[in-house]
file protein07.cif (mmCIF, C-alpha atoms and all ligand atoms)
data_input
loop_
_atom_site.label_atom_id
_atom_site.label_comp_id
_atom_site.auth_asym_id
_atom_site.auth_seq_id
_atom_site.Cartn_x
_atom_site.Cartn_y
_atom_site.Cartn_z
CA MET A 1037 -31.80 69.88 -20.43
CA GLN A 1038 -35.41 69.27 -19.61
CA ILE A 1039 -36.07 65.87 -18.16
CA ASN A 1040 -39.00 63.97 -19.52
CA ASN A 1041 -40.61 62.86 -16.29
CA ASN A 1042 -42.60 60.02 -17.71
CA SER A 1043 -39.73 58.24 -19.38
CA THR A 1044 -37.42 58.86 -16.40
CA LEU A 1045 -39.97 57.31 -14.13
CA ARG A 1046 -40.39 54.38 -16.45
CA ARG A 1047 -36.67 53.81 -16.52
CA PHE A 1048 -36.48 54.04 -12.76
CA LYS A 1049 -39.23 51.50 -12.36
CA THR A 1050 -37.44 49.12 -14.69
CA CYS A 1051 -34.23 49.47 -12.69
CA ALA A 1052 -35.97 49.09 -9.37
CA ARG A 1053 -37.94 46.08 -10.42
CA SER A 1054 -37.13 42.98 -8.45
CA TYR A 1055 -35.24 40.73 -10.80
CA GLY A 1056 -35.16 36.98 -10.52
CA PHE A 1057 -32.07 34.87 -11.03
CA LEU A 1058 -31.07 33.21 -14.26
CA ASP A 1059 -29.96 29.58 -14.45
CA ALA A 1060 -27.39 29.93 -17.22
CA HIS A 1061 -27.05 26.20 -17.85
CA CYS A 1062 -29.43 23.33 -17.20
CA HIS A 1063 -30.92 20.35 -19.01
CA LEU A 1064 -34.69 20.64 -19.09
CA ALA A 1065 -35.01 17.85 -21.67
CA ASP A 1066 -33.35 15.30 -19.40
CA SER A 1067 -36.09 12.90 -18.30
CA ARG A 1068 -35.25 13.41 -14.62
CA ILE A 1069 -36.29 17.06 -15.03
CA SER A 1070 -38.81 16.86 -17.90
CA ALA A 1071 -40.85 14.15 -16.15
CA ASN A 1072 -41.65 16.67 -13.44
CA LEU A 1073 -41.16 19.90 -15.33
CA GLU A 1074 -44.02 21.93 -13.89
CA GLN A 1075 -43.02 21.18 -10.32
CA GLU A 1076 -39.33 21.82 -11.04
CA LEU A 1077 -40.15 25.22 -12.60
CA SER A 1078 -42.55 26.26 -9.88
CA GLU A 1079 -40.16 25.31 -7.04
CA ALA A 1080 -37.43 27.27 -8.81
CA LYS A 1081 -39.71 30.27 -9.25
CA GLU A 1082 -40.60 30.11 -5.56
CA ALA A 1083 -36.87 30.23 -4.75
CA GLY A 1084 -36.39 33.36 -6.92
CA ILE A 1085 -35.24 31.87 -10.21
CA SER A 1086 -37.15 33.15 -13.19
CA CYS A 1087 -35.19 32.25 -16.34
CA PHE A 1088 -33.44 29.19 -17.68
CA ILE A 1089 -30.97 28.58 -20.47
CA SER A 1090 -31.44 24.94 -21.30
CA SER A 1091 -28.84 22.90 -23.16
CA ALA A 1092 -29.82 20.49 -25.98
CA LEU A 1093 -27.20 17.83 -26.69
CA CYS A 1094 -28.55 15.72 -29.57
CA GLN A 1095 -31.29 15.76 -32.22
CA GLU A 1096 -33.82 14.14 -29.88
CA GLU A 1097 -33.26 17.01 -27.44
CA PHE A 1098 -33.28 19.63 -30.23
CA LYS A 1099 -36.77 18.39 -31.08
CA TRP A 1100 -37.90 18.39 -27.45
CA HIS A 1101 -36.89 22.03 -27.07
CA GLN A 1102 -38.55 23.05 -30.33
CA ASN A 1103 -41.82 21.53 -29.15
CA GLN A 1104 -41.89 23.40 -25.83
CA ASN A 1105 -43.64 26.62 -25.13
CA ILE A 1106 -41.96 27.72 -21.90
CA SER A 1107 -41.80 31.50 -21.69
CA GLN A 1108 -39.00 31.46 -19.07
CA MET A 1109 -36.76 29.26 -21.22
CA LYS A 1110 -34.19 30.08 -23.88
CA TRP A 1111 -31.99 27.33 -25.21
CA THR A 1112 -28.68 26.42 -26.76
CA ALA A 1113 -27.72 23.45 -28.92
CA GLY A 1114 -24.45 21.77 -29.71
CA ILE A 1115 -22.60 18.52 -30.30
CA HIS A 1116 -21.16 17.53 -26.93
CA PRO A 1117 -17.67 15.98 -26.77
CA TYR A 1118 -18.66 13.30 -24.25
CA TYR A 1119 -22.44 12.75 -24.29
CA GLU A 1120 -23.14 9.35 -25.86
CA LYS A 1121 -26.12 10.49 -27.97
CA SER A 1122 -24.23 13.41 -29.56
CA SER A 1123 -22.76 12.73 -32.98
CA ASP A 1124 -21.60 14.22 -36.28
CA ASP A 1125 -25.04 13.45 -37.66
CA ASP A 1126 -26.44 16.31 -35.58
CA PHE A 1127 -24.44 18.93 -37.45
CA ASN A 1128 -26.94 19.63 -40.23
CA ALA A 1129 -29.77 19.88 -37.72
CA LEU A 1130 -27.63 22.36 -35.78
CA ILE A 1131 -27.11 24.53 -38.87
CA LYS A 1132 -30.86 24.51 -39.40
CA LEU A 1133 -31.47 25.72 -35.83
CA CYS A 1134 -29.06 28.60 -36.48
CA ASP A 1135 -30.83 29.38 -39.77
CA ILE A 1136 -34.26 29.59 -38.22
CA LYS A 1137 -32.91 31.48 -35.19
CA LYS A 1138 -34.18 28.99 -32.64
CA ILE A 1139 -31.15 29.01 -30.35
CA ILE A 1140 -29.35 31.80 -28.51
CA ALA A 1141 -25.92 30.12 -28.43
CA ILE A 1142 -23.96 27.11 -29.67
CA GLY A 1143 -23.28 24.73 -26.82
CA GLU A 1144 -22.43 22.94 -24.86
CA ILE A 1145 -19.36 22.17 -26.93
CA GLY A 1146 -15.73 21.65 -26.00
CA LEU A 1147 -13.07 19.16 -25.00
CA ASP A 1148 -13.39 16.34 -22.50
CA GLY A 1149 -10.30 14.47 -21.26
CA ARG A 1150 -12.36 11.47 -20.12
CA ASN A 1151 -12.55 10.27 -23.75
CA ASP A 1152 -9.68 9.17 -25.93
CA ASP A 1153 -11.19 10.50 -29.19
CA GLN A 1154 -9.38 13.83 -28.93
CA LYS A 1155 -8.93 14.17 -32.68
CA TRP A 1156 -12.68 13.95 -33.32
CA GLN A 1157 -13.41 16.28 -30.40
CA LYS A 1158 -11.10 18.92 -31.82
CA GLN A 1159 -12.54 18.59 -35.33
CA ILE A 1160 -16.17 18.88 -34.27
CA LEU A 1161 -15.32 21.73 -31.89
CA LEU A 1162 -13.63 23.72 -34.67
CA LYS A 1163 -16.58 23.13 -37.00
CA GLN A 1164 -19.00 24.40 -34.37
CA LEU A 1165 -16.84 27.41 -33.53
CA ASP A 1166 -16.91 28.29 -37.22
CA LEU A 1167 -20.66 27.99 -37.16
CA ALA A 1168 -20.92 30.26 -34.11
CA GLN A 1169 -18.73 32.82 -35.85
CA ASN A 1170 -20.74 32.66 -39.10
CA TYR A 1171 -24.03 33.15 -37.27
CA ASP A 1172 -22.58 35.58 -34.74
CA LEU A 1173 -23.68 33.44 -31.81
CA PRO A 1174 -22.04 33.11 -28.39
CA VAL A 1175 -20.65 29.75 -27.28
CA VAL A 1176 -21.20 27.68 -24.13
CA PHE A 1177 -18.10 25.61 -23.33
CA HIS A 1178 -17.91 22.25 -21.62
CA VAL A 1179 -14.34 21.45 -20.64
CA VAL A 1180 -12.96 18.60 -18.56
CA ARG A 1181 -9.19 18.50 -17.95
CA LYS A 1182 -8.52 20.22 -21.29
CA TYR A 1183 -8.63 23.90 -20.45
CA TYR A 1184 -5.09 24.57 -21.62
CA GLU A 1185 -5.78 22.87 -24.97
CA LEU A 1186 -8.90 25.01 -25.33
CA TYR A 1187 -6.88 28.13 -24.56
CA LYS A 1188 -4.34 27.31 -27.29
CA LEU A 1189 -7.04 26.47 -29.82
CA LEU A 1190 -8.96 29.70 -29.16
CA LYS A 1191 -5.86 31.86 -29.14
CA LYS A 1192 -4.80 30.51 -32.50
CA ASN A 1193 -8.18 30.34 -34.26
CA PHE A 1194 -10.87 32.31 -32.42
CA PRO A 1195 -9.35 35.06 -30.27
CA LYS A 1196 -12.58 37.08 -30.51
CA ILE A 1197 -14.74 34.31 -29.08
CA ARG A 1198 -17.60 35.35 -26.78
CA GLY A 1199 -19.70 33.24 -24.42
CA TYR A 1200 -19.09 31.38 -21.19
CA LEU A 1201 -17.34 28.43 -19.60
CA HIS A 1202 -20.01 26.39 -17.93
CA GLY A 1203 -19.42 24.81 -14.50
CA PHE A 1204 -16.00 26.39 -14.19
CA ASN A 1205 -13.91 24.92 -11.36
CA ALA A 1206 -10.32 24.92 -12.57
CA SER A 1207 -7.16 26.45 -11.11
CA MET A 1208 -6.10 30.08 -10.76
CA GLU A 1209 -3.60 29.71 -13.57
CA ILE A 1210 -6.35 28.53 -15.95
CA ALA A 1211 -8.79 31.20 -14.75
CA GLU A 1212 -6.19 33.89 -15.49
CA LEU A 1213 -5.39 32.44 -18.91
CA LEU A 1214 -9.03 32.18 -20.01
CA SER A 1215 -9.78 35.67 -18.69
CA LYS A 1216 -7.87 36.93 -21.72
CA PHE A 1217 -10.95 36.09 -23.81
CA ASP A 1218 -14.39 37.60 -23.74
CA LEU A 1219 -15.63 34.60 -21.79
CA ALA A 1220 -17.63 34.63 -18.56
CA PHE A 1221 -17.18 32.00 -15.86
CA SER A 1222 -20.40 30.19 -15.08
CA LEU A 1223 -20.43 29.02 -11.46
CA GLY A 1224 -22.26 25.86 -10.48
CA CYS A 1225 -22.66 23.40 -7.62
CA LYS A 1226 -18.97 22.54 -7.70
CA PRO A 1227 -17.44 26.03 -7.54
CA PRO A 1228 -13.67 26.58 -7.76
CA LYS A 1229 -11.42 27.13 -4.74
CA LYS A 1230 -11.90 30.29 -2.66
CA GLU A 1231 -9.02 32.27 -4.18
CA VAL A 1232 -10.17 31.44 -7.73
CA LEU A 1233 -13.74 32.35 -6.86
CA GLU A 1234 -12.52 35.69 -5.46
CA PHE A 1235 -10.57 36.33 -8.65
CA ILE A 1236 -13.69 35.61 -10.73
CA ILE A 1237 -15.89 37.87 -8.60
CA ASP A 1238 -13.30 40.67 -8.81
CA ARG A 1239 -13.19 40.32 -12.57
CA GLY A 1240 -16.96 40.79 -12.46
CA PHE A 1241 -17.98 38.69 -15.47
CA PHE A 1242 -19.80 35.59 -14.28
CA LEU A 1243 -23.09 33.69 -14.34
CA PHE A 1244 -24.79 31.13 -12.10
CA GLU A 1245 -25.98 27.69 -13.18
CA THR A 1246 -27.23 24.37 -11.81
CA ASP A 1247 -26.40 22.05 -14.75
CA ALA A 1248 -29.44 20.16 -13.35
CA PRO A 1249 -29.98 17.24 -13.21
CA TYR A 1250 -26.16 16.91 -13.11
CA GLN A 1251 -23.71 18.32 -10.53
CA LYS A 1252 -25.74 18.46 -7.32
CA PRO A 1253 -24.36 20.33 -4.28
CA VAL A 1254 -21.80 18.31 -2.27
CA ASP A 1255 -23.98 17.81 0.80
CA ASP A 1256 -27.21 17.14 -1.14
CA LYS A 1257 -28.80 13.76 -0.42
CA ASN A 1258 -31.16 13.75 -3.42
CA ASP A 1259 -30.66 11.44 -6.38
CA PHE A 1260 -30.04 14.30 -8.79
CA ASN A 1261 -29.70 18.08 -8.94
CA HIS A 1262 -32.84 20.24 -8.98
CA LEU A 1263 -33.42 23.65 -10.56
CA LYS A 1264 -34.14 25.30 -7.18
CA ASN A 1265 -30.52 24.53 -6.14
CA LEU A 1266 -29.33 27.55 -8.10
CA MET A 1267 -29.86 29.46 -4.87
CA TRP A 1268 -27.40 27.12 -3.12
CA VAL A 1269 -24.76 28.31 -5.60
CA VAL A 1270 -25.72 31.96 -5.16
CA ASP A 1271 -25.60 31.63 -1.35
CA LYS A 1272 -22.21 29.98 -1.50
CA VAL A 1273 -20.79 32.76 -3.70
CA SER A 1274 -22.40 35.36 -1.44
CA GLN A 1275 -20.69 33.82 1.63
CA VAL A 1276 -17.27 33.67 -0.02
CA SER A 1277 -17.41 37.12 -1.58
CA GLY A 1278 -19.30 38.94 1.17
CA LEU A 1279 -21.54 40.43 -1.56
CA GLU A 1280 -25.27 40.69 -1.02
CA ILE A 1281 -27.55 38.51 -3.12
CA ASP A 1282 -29.08 41.48 -4.98
CA VAL A 1283 -25.62 42.74 -5.91
CA LEU A 1284 -24.76 39.32 -7.35
CA GLN A 1285 -28.03 39.34 -9.21
CA ARG A 1286 -27.26 42.66 -10.88
CA MET A 1287 -23.75 41.49 -11.76
CA GLN A 1288 -25.16 38.36 -13.37
CA SER A 1289 -27.74 40.34 -15.37
CA LYS A 1290 -25.00 42.62 -16.65
CA ALA A 1291 -22.87 39.66 -17.73
CA PHE A 1292 -25.84 38.06 -19.42
CA GLU A 1293 -26.71 41.19 -21.34
CA SER A 1294 -23.17 41.69 -22.50
CA ILE A 1295 -22.86 38.10 -23.77
CA PHE A 1296 -26.20 37.90 -25.50
CA ASP A 1297 -26.71 41.49 -26.47
CA LEU A 1298 -30.37 41.07 -25.61
CA LYS A 1299 -32.45 41.43 -22.52
CA LEU A 1300 -34.31 38.41 -21.27
CA ASP A 1301 -37.25 39.34 -19.16
CA LEU A 1302 -35.83 38.42 -15.78
CA SER A 1303 -38.77 39.84 -13.87
CA ARG A 1304 -40.77 37.49 -11.72
CA ASN A 1305 -43.93 36.75 -13.57
ZN ZN A 1401 -24.51 20.50 -18.98
#

call {"tool": "encode", "arguments": {"input": "protein07.cif", "output": "structure tokens"}}
result
Amino acid sequence: MQINNNSTLRRFKTCARSYGFLDAHCHLADSRISANLEQELSEAKEAGISCFISSALCQEEFKWHQNQNISQMKWTAGIHPYYEKSSDDDFNALIKLCDIKKIIAIGEIGLDGRNDDQKWQKQILLKQLDLAQNYDLPVVFHVVRKYYELYKLLKKNFPKIRGYLHGFNASMEIAELLSKFDLAFSLGCKPPKKEVLEFIIDRGFFLFETDAPYQKPVDDKNDFNHLKNLMWVVDKVSQVSGLEIDVLQRMQSKAFESIFDLKLDLSRN
């Protein structure tokens, strides 16, 4: 077979291009970040982070995201089980965002054991999982102390779910259970124990996130988490796994592409 030199070269250049990291979960609309957005983004870019998946938790934040023109940002929207401004009233606005193709996933949605309104949480979660299925969108999960309940609910109703578990830091037993689904583990500033982390790296389907301004690194003295701290997470995973940063970067890109079925431009621009 004759090789077309031009297209081969082009493909090679694309592969060899230096990719930046993706922050798979952050909150750009939170006033702690949005008040200083330009600086936050430029410090992150300096550190090697070139793309952000921002999470919108209520109608006010849906609007904020719609009004932005940030080329490095994609966003997700969902009714959060614990966030005080999230409510049932956001559901119609969420459908609209799906209709006009503004969001790349439904989330963050899930179950949170810190609240005693478990019945409502389950109802609104099921409604949103239906929505994700109808619009063929991935899901970003927020789970606190309710991983096993989520497992049962997904197994029974949505075994073909795709997406990721944001800020995953649960036990090995839970990691193994949830690995049965097409869900990636998104690793943040509070990563799971070493053996769980090794299991996740071996499985090879993971992302990195800051969840900024939430979840700052343990030894960080700042008031809140910053976007540039994604590299703290990457370094930590690199130390535990012994894998080079560029290997982790390629693994993350692969996971991203398989979840979203699209290619974000991760090149440094
Ligand atoms: Zn979050």

call {"tool": "closest_residue", "arguments": {"input": "protein07.cif", "among": "A:Ala1065, A:Ile1131, A:Ala1220, A:Ile1139", "to": "Arg1239 (chain A)", "atoms": "all atoms listed in the file"}}
result
A:Ala1220

call {"tool": "closest_residue", "arguments": {"input": "protein07.cif", "among": "A:Gly1203, A:Ile1106, A:Ser1289, A:Gly1278", "to": "Leu1077 (chain A)", "atoms": "all atoms listed in the file"}}
result
A:Ile1106

call {"tool": "residues_near_ligand", "arguments": {"input": "protein07.cif", "ligand": "ligand ZN 1401 (chain A)", "cutoff": "8 Å", "atoms": "all atoms listed in the file", "output": "PyMOL selection string"}}
result
chain A and resi 1061-1063+1091+1144+1178+1202+1247-1248+1250

call {"tool": "residues_around", "arguments": {"input": "protein07.cif", "residues": "Leu1243 (chain A)", "least_positions_apart": "4", "cutoff": "7 Å", "atoms": "only C-alpha atoms", "output": "list in words"}}
result
Ala1060, Ala1220, Phe1221, Ser1222, Leu1223, Gln1288 and Ala1291 of chain A

call {"tool": "closest_residue", "arguments": {"input": "protein07.cif", "among": "A:Cys1094, A:Leu1058, A:Ile1089, A:Leu1162", "to": "Ile1140 (chain A)", "atoms": "only C-alpha atoms"}}
result
A:Ile1089

call {"tool": "atom_distance", "arguments": {"input": "protein07.cif", "atom1": "CA of Ala1092 (chain A)", "atom2": "CA of Ala1113 (chain A)"}}
result
4.7 Å

call {"tool": "atom_distance", "arguments": {"input": "protein07.cif", "atom1": "CA of Asn1261 (chain A)", "atom2": "CA of Thr1246 (chain A)"}}
result
7.3 Å

call {"tool": "closest_residue", "arguments": {"input": "protein07.cif", "among": "A:Met1267, A:Val1273, A:Ile1295, A:Leu1173", "to": "Ala1083 (chain A)", "atoms": "only C-alpha atoms"}}
result
A:Met1267

call {"tool": "residues_around", "arguments": {"input": "protein07.cif", "residues": "Trp1156 (chain A)", "least_positions_apart": "6", "cutoff": "10 Å", "atoms": "all atoms listed in the file", "output": "ChimeraX atom specification"}}
result
/A:1117,1124,1147,1162

call {"tool": "residues_around", "arguments": {"input": "protein07.cif", "residues": "Asp1238 (chain A)", "least_positions_apart": "4", "cutoff": "12 Å", "atoms": "all atoms listed in the file", "output": "PyMOL selection string"}}
result
chain A and resi 1212+1215+1221+1231-1234+1242+1276-1279+1284+1287

call {"tool": "atom_distance", "arguments": {"input": "protein07.cif", "atom1": "CA of Glu1293 (chain A)", "atom2": "CA of Val1176 (chain A)"}}
result
14.9 Å

call {"tool": "closest_residue", "arguments": {"input": "protein07.cif", "among": "A:Gly1146, A:Phe1235, A:Asn1170, A:Gln1108", "to": "Cys1134 (chain A)", "atoms": "all atoms listed in the file"}}
result
A:Asn1170

call {"tool": "closest_residue", "arguments": {"input": "protein07.cif", "among": "A:Asp1282, A:His1262, A:Phe1127, A:Val1175", "to": "Pro1249 (chain A)", "atoms": "all atoms listed in the file"}}
result
A:His1262

call {"tool": "build_atoms", "arguments": {"input": "protein07.cif", "residues": "region 1141-1153 of chain A", "atoms": "N, CA and C atoms", "output": "PDB file, in the coordinates of the input"}}
result
ATOM      1  N   ALA A1141     -27.367  30.374 -28.463  1.00  0.00           N
ATOM      2  CA  ALA A1141     -25.920  30.120 -28.430  1.00  0.00           C
ATOM      3  C   ALA A1141     -25.652  28.710 -28.952  1.00  0.00           C
ATOM      4  N   ILE A1142     -24.390  28.463 -29.326  1.00  0.00           N
ATOM      5  CA  ILE A1142     -23.960  27.110 -29.670  1.00  0.00           C
ATOM      6  C   ILE A1142     -23.354  26.504 -28.408  1.00  0.00           C
ATOM      7  N   GLY A1143     -23.856  25.346 -28.000  1.00  0.00           N
ATOM      8  CA  GLY A1143     -23.280  24.730 -26.820  1.00  0.00           C
ATOM      9  C   GLY A1143     -24.230  23.719 -26.188  1.00  0.00           C
ATOM     10  N   GLU A1144     -23.759  22.859 -25.331  1.00  0.00           N
ATOM     11  CA  GLU A1144     -22.430  22.940 -24.860  1.00  0.00           C
ATOM     12  C   GLU A1144     -21.489  22.161 -25.761  1.00  0.00           C
ATOM     13  N   ILE A1145     -20.360  22.780 -26.072  1.00  0.00           N
ATOM     14  CA  ILE A1145     -19.360  22.170 -26.930  1.00  0.00           C
ATOM     15  C   ILE A1145     -18.007  22.303 -26.235  1.00  0.00           C
ATOM     16  N   GLY A1146     -17.038  21.498 -26.635  1.00  0.00           N
ATOM     17  CA  GLY A1146     -15.730  21.650 -26.000  1.00  0.00           C
ATOM     18  C   GLY A1146     -14.848  20.435 -26.100  1.00  0.00           C
ATOM     19  N   LEU A1147     -14.040  20.256 -25.054  1.00  0.00           N
ATOM     20  CA  LEU A1147     -13.070  19.160 -25.000  1.00  0.00           C
ATOM     21  C   LEU A1147     -13.227  18.441 -23.673  1.00  0.00           C
ATOM     22  N   ASP A1148     -13.190  17.115 -23.722  1.00  0.00           N
ATOM     23  CA  ASP A1148     -13.390  16.340 -22.500  1.00  0.00           C
ATOM     24  C   ASP A1148     -12.321  15.255 -22.404  1.00  0.00           C
ATOM     25  N   GLY A1149     -11.436  15.377 -21.413  1.00  0.00           N
ATOM     26  CA  GLY A1149     -10.300  14.470 -21.260  1.00  0.00           C
ATOM     27  C   GLY A1149     -10.682  13.066 -20.816  1.00  0.00           C
ATOM     28  N   ARG A1150     -11.960  12.821 -20.540  1.00  0.00           N
ATOM     29  CA  ARG A1150     -12.360  11.470 -20.120  1.00  0.00           C
ATOM     30  C   ARG A1150     -12.488  10.534 -21.310  1.00  0.00           C
ATOM     31  N   ASN A1151     -12.463  11.094 -22.532  1.00  0.00           N
ATOM     32  CA  ASN A1151     -12.550  10.270 -23.750  1.00  0.00           C
ATOM     33  C   ASN A1151     -11.218  10.268 -24.491  1.00  0.00           C
ATOM     34  N   ASP A1152     -10.957   9.182 -25.224  1.00  0.00           N
ATOM     35  CA  ASP A1152      -9.680   9.170 -25.930  1.00  0.00           C
ATOM     36  C   ASP A1152      -9.829   9.556 -27.410  1.00  0.00           C
ATOM     37  N   ASP A1153     -10.994  10.101 -27.794  1.00  0.00           N
ATOM     38  CA  ASP A1153     -11.190  10.500 -29.190  1.00  0.00           C
ATOM     39  C   ASP A1153     -10.897  11.991 -29.380  1.00  0.00           C
TER      40      ASP A1153
END
